[in-house]
Structures are given as C-alpha cells and as structure tokens.
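Visitor: Pasting a structure here, questions to come.
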Amino acid sequence: MAFCLESLLSAYQKRYHLCIVAGENGVCNPVTWVYLAEDIENIPMLKDNQLVITTGLFTRNGTTLMEFLSAIIAQNEAGIILNIGKYLNIEDITEEVRNFCTAHHFPFYTMPWEVPLTDVMQSFCAELLKHSQTHSLISTAFRNTLMHLENPEKEEAVLEQNGFKREDVYTIIAISGSFSDHGIDRLLHHKKMNFHIFLYHKATLVVLTGASRQSLSALSESFSQLEELQSCIIGISSQGKGRTMLSKLYQQAEHALRAAEIQEEQMVWYDEMGILALIFAVPDRQLLEQLAQNKLQVFEAYDEKHHACLVETLFYYLRTGGSLSATAEKLYTHRNTIGYRMNKIRELSGKTFASQEERCDYLTAIYIRKALLY
C-alpha cells in the first residue's frame with residue numbers, strides 16, 4: 001500500500017512553503033518514492049507513482065513545461081513540485097497548464113527557490129521509508145491474526161496504534177489475479193476509507209473498517225470499472241464487528257473468491273453466494289464427495305472413457321436455464337453438438353431435467369464437485 005500524496009506533504013507544507021496550484025483532485029494519488037528530474041530524456045526510466053521534483057532546468061534544453069508535464073503524466077506519476085524562482089516562475093504556470101493537470105488528476109505544487117532541495121528530498125524519503133516499515137508491520141500483524149498465532153498482544157498493539165480498533169466493523173475483500181494495487185490505493189484514498197492492502201495466500205486482501213453497506217456497494221461498482229482489475233476475480237465478505245471476526249471474514253472472502261471463479265463472474269459477495277455458501281460451510285468433504293458422485297458418476301465415467309465433456313455441458317445448460325444456444329456459446333461449440341450431448345445425458349441419467357427439483361439437484365452436485373477442487 002503506497003503513501004497518499006496528501007498525507008506525505010501535509011506535514012511539510014508550511015516548512016517548505018508548498019502551494020498547490022493545480023490538480024487538487026489528485027491529492028490522494030499514491031506515492032512510492034521521490035525523484036529529482038531535470039531532463040525529459042530520463043522520464044521514461046521512472047517507475048509509476050513517484051513524486052517528481054524539478055527546478056525547471058529542463059527549459060534550458062528547449063523543453064517546455066507542458067512537454068515536461070505530458071511526459072511525466074504519461075508515466076503515471078503521483079505529482080510534481082516545481083522549485084520556482086530561477087528557471088521558471090509562477091507566471092509560467094499558465095491556465096492551459098493548470099487545466100491540463102486538473103484534467104489528469106495530477107497535483108502541481110510550487111516551492112520557493114530558497115528552500116534547499118536536499119532537505120526536501122531527505123524529509124520525503126525518510127517519511128516514505130517510515131511508511132514502508134509501518135506497512136510491513138501492519139501486514140505482519142494481520143497475517144499473524146489470520147493464522148491464529150499465539151501471544152497476539154504484539155499484533156493487537158500494532159493494529160490498534162495504526163487505526164484498526166478492536167471493536168471496529170470490518171470487511172475483507174480478496175482479489176485474485178495479476179495487477180498493480182496503485183489504482184485501488186488511489187480509489188480508497190479518494191473515498192477517505194480506512195484500509196490496508198497486503199498479500200496473503202496468493203491473494204491480495206483489502207481490509208476495510210467502518211464502511212457502510214452503501215459505501216461498499218459504491219466501492220464494488222468502482223472496482224468493476226478499474227482497468228487493472230478487469231482480468232481479476234473478487235470476493236467480498238460480509239461485515240463483522242471486532243477484530244476477533246477477521247479470520248471468519250477472511251474465510252468468507254476466500255469462499256466468495258472461489259465462487260466467483262466457479263460461476264465465472266468477476267465479483268461475488270459472500271452474502272449473495274446462495275447454495276455455494278452452504279457447500280463451502282460443510283466440513284465433511286467425504287459427505288460432499290458422496291453427494292456429487294451419486295449424481296455425476298455416470299457422466300464422469302463416460303467423459304473419461306470417451307474424452308467427452310458431459311459434466312461441463314450439463315453445468316452450462318443448467319446455468320443458462322436450459323438454453324442450447326447459450327450453452328454452445330459458453331463452450332465455443334455448435335448448437336447441434338450441445339443438443340447431441342444433452343440427449344446422451346438424458347439417456348445415461350434417465351432424467352429429462354424438466355422439473356426445477358431435478359435441475360437444482362444436478363447443478364448442486366456440479367457445484368460440489370467444483371468446490372472440492374479448492
């Protein structure tokens with residue numbers, strides 16, 4: 001989890017006479033490091049979400065302020081501080097420049113020439129290192145809490161000191177997939193949420209406190225629109241009061257994540273999982289195996305012998321309300337092929353799948369089979 005730009009700069013705004021002149025709508029941008037840039041040729045080497053500091057020396061090479069800003073924004077950096085007074089003055093920050101920064105949610109700060117850059121760099125780097133260490137401590141505390149390690153007093157103290165109170169209302173969001181968490185960072189900071197992001201068991205977890213159901217619904221809508229999450233799946237727990245609920249909430253988020261994968265949906269709320277919530281809650285895996293086998297054994301035996309996919313065909317057929325065309329689309333197969341497979345399924349099972357009870361029984365059996373894979 002990166003530092004919020006506003007949080008980084010707020011403690012030094014008066015000391016270094018920082019003044020924001022544009023891009024106020026981006027002050028929640030995440031910042032990972034500070035970079036002194038005086039040459040536009042070096043900008044492509046920057047990593048994402050850095051705070052750029054410059055004196056404007058680049059103008060000596062014929063580079064305009066707009067060209068310099070365009071290059072930085074294209075690199076997805078956090079913001080810029082311009083040391084005005086020698087190479088550039090406040091008058092050089094035109095209305096066009098200000099509008100450009102605001103349109104790109106890119107904070108533009110100025111700082112008097114008399115402020116020593118070495119002091120500024122040292123202060124900001126020290127704050128970022130401190131934040132990184134604190135983030136690591138909080139992540140470890142959450143992981144240890146989820147693993148039920150003994151002697152939790154240390155973890156409780158770390159969480160309490162960093163805004164995660166014992167009696168807060170918690171929600172956990174689990175995200176599976178490859179992505180940068182900076183977009184989530186920016187979004188959550190912008191929404192003024194108390195949160196922490198960390199990796200746990202191959203998933204990225206977002207722990208939230210004090211979020212209402214309404215704000216969570218709005219957040220989930222925003223998540224679904226984030227470009228970096230389009231190839232990810234997301235599971236959202238219910239809400240629970242108190243840190244003692246964290247392990248249960250994590251389990252719920254993990255189950256919702258698995259449900260999203262099974263149902264091929266981008267996002268699933270635990271509270272809306274339906275039959276899959278019951279399946280995941282059953283501790284007797286042998287019982288679940290027996291229930292699935294009773295319904296699916298004949299299809300699985302046929303699939304193994306003939307290298308067919310009757311079980312998958314039946315799954316999509318039931319999920320799409322008995323539509324041959326929709327099932328064919330899901331399986332990238334001709335509609336007539338799906339019709340042939342369904343005839344074979346009816347022949348082997350002796351079922352027509354005309355009644356709601358039959359459809360529910362077999363769909364539940366397939367859900368169990370898929371759930372047992374996790």
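In the structure tokens, chains take letters A, B, ... by order of appearance, with residues numbered from 1 within each chain and ligands from 1 in the order shown.
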What parts of stretch 144-310 of chain A does DSSP call strand (DSSP E)? I'd like the answer as number ranges by chain.
Guide: A: 169-176, 194-200, 203-209, 233-236, 240-241, 267-269
Visitor: Would you pick out the contacts of A:His135 at 10 Å or less, using only C-alpha atoms, so that residues sharing its chain but fewer than 3 positions from it are not included, and give the list as a PyMOL selection string?
Guide: chain A and resi 1-3+129-132+138-141+162+196-198
Visitor: Within 8 Å of stretch 249-255 of chain A, counting only C-alpha atoms, which residues qualify if same-chain residues fewer than 2 places away don't, as a list in words?
Guide: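 Skipping anything fewer than 2 positions along the chain leaves Leu146, Thr171, Ile172, Ile173, Ala174, Gly235, Ile236, Ser237, Ser238, Gln239, Gly240, Met245, Leu246, Ser247, Leu257, Arg258, Ala259, Trp269, Tyr270, Ala277 and Phe280 of chain A.
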Visitor: Which is closer to A:Phe164 than all the others in A:Thr209, A:Cys360, A:Lys202, A:Ala365, using only C-alpha atoms?
Guide: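 Comparing A:Thr209, A:Cys360, A:Lys202, A:Ala365 against A:Phe164, the winner is A:Thr209.
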Visitor: For A:Ile279, find every residue with an atom within 9 Å (counting only C-alpha atoms), except residues of its own chain fewer than 2 positions away, and show them as a list in words.
Guide: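 So the residues in contact are Ile275, Leu276, Ala277, Ala281, Val282, Pro283, Leu288, Thr364, Tyr367, Ile368 and Ala371 of chain A.
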Visitor: List the spatial neighbours of A:Gly177 as a ChimeraX atom specification - criterion: any atom at most 7 Å away, only C-alpha atoms, same-chain residues fewer than 2 positions off excluded.
Guide: /A:175,179,231-233
Visitor: Please return, as an MDAnalysis selection string, all residues of stretch 21-183 of chain A that DSSP assigns to alpha helix (DSSP H) on the basis of the backbone.
Guide: chainID A and resid 65:74 95:103 117:146 153:161 182:183
Visitor: Write out as a list of chain:residue names the residues lying within 10 Å of A:His190, counting only C-alpha atoms and excluding same-chain residues fewer than 2 positions away.
Guide: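 Final neighbour list, sorted by chain and number: A:Cys4, A:Asn25, A:Gly26, A:Val27, A:Cys28, A:Asn29, A:Ile184, A:Asp185, A:Arg186, A:Leu187, A:Leu188, A:Lys192, A:Met193.
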Visitor: List the neighbours of A:Asn61 out to 12 Å using only C-alpha atoms; skip same-chain residues closer than 2 positions along the sequence, and give me the result as a list in words.
Guide: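 Once the adjacent positions are removed, what remains is Glu38, Asp39, Ile40, Glu41, Gly56, Leu57, Phe58, Thr59, Thr63, Thr64, Leu65, Glu67, Phe68 and Tyr87 of chain A.
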Visitor: Using the selection just defined, write its residues with C-alpha atoms as a JSON list (two decimals), in the first residue's frame.
Guide:
[["chain", "number", "residue", "atom", "x", "y", "z"],
["A", 38, "GLU", "CA", 15.76, 17.90, -14.79],
["A", 39, "ASP", "CA", 15.92, 16.16, -18.17],
["A", 40, "ILE", "CA", 12.90, 14.94, -20.13],
["A", 41, "GLU", "CA", 15.04, 12.16, -21.62],
["A", 56, "GLY", "CA", 12.77, 23.76, -14.35],
["A", 57, "LEU", "CA", 16.34, 23.39, -15.62],
["A", 58, "PHE", "CA", 14.92, 21.36, -18.49],
["A", 59, "THR", "CA", 13.81, 24.62, -20.13],
["A", 63, "THR", "CA", 11.74, 21.63, -23.38],
["A", 64, "THR", "CA", 8.54, 23.42, -22.45],
["A", 65, "LEU", "CA", 6.74, 22.99, -19.13],
["A", 67, "GLU", "CA", 6.03, 18.89, -22.71],
["A", 68, "PHE", "CA", 7.69, 18.00, -19.41],
["A", 87, "TYR", "CA", 14.28, 28.86, -14.41]]
Visitor: Using only C-alpha atoms, which residue out of A:Ala326, A:Leu82, A:Val120, A:Leu372 lies closest to A:Tyr12?
Guide: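 Answer, going by the shortest atom-to-atom distance: A:Val120.
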Visitor: Between atom CA of A:Arg213 and atom CA of A:Phe195, measure the distance and give it in Å to one decimal.
Guide: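 Going from atom CA of A:Arg213 over to atom CA of A:Phe195 covers 15.4 Å.
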Visitor: Any idea what the distance is between atom CA of A:Val34 and atom CA of A:Glu96?
Guide: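 Separating atom CA of A:Val34 from atom CA of A:Glu96 is a distance of 25.7 Å.
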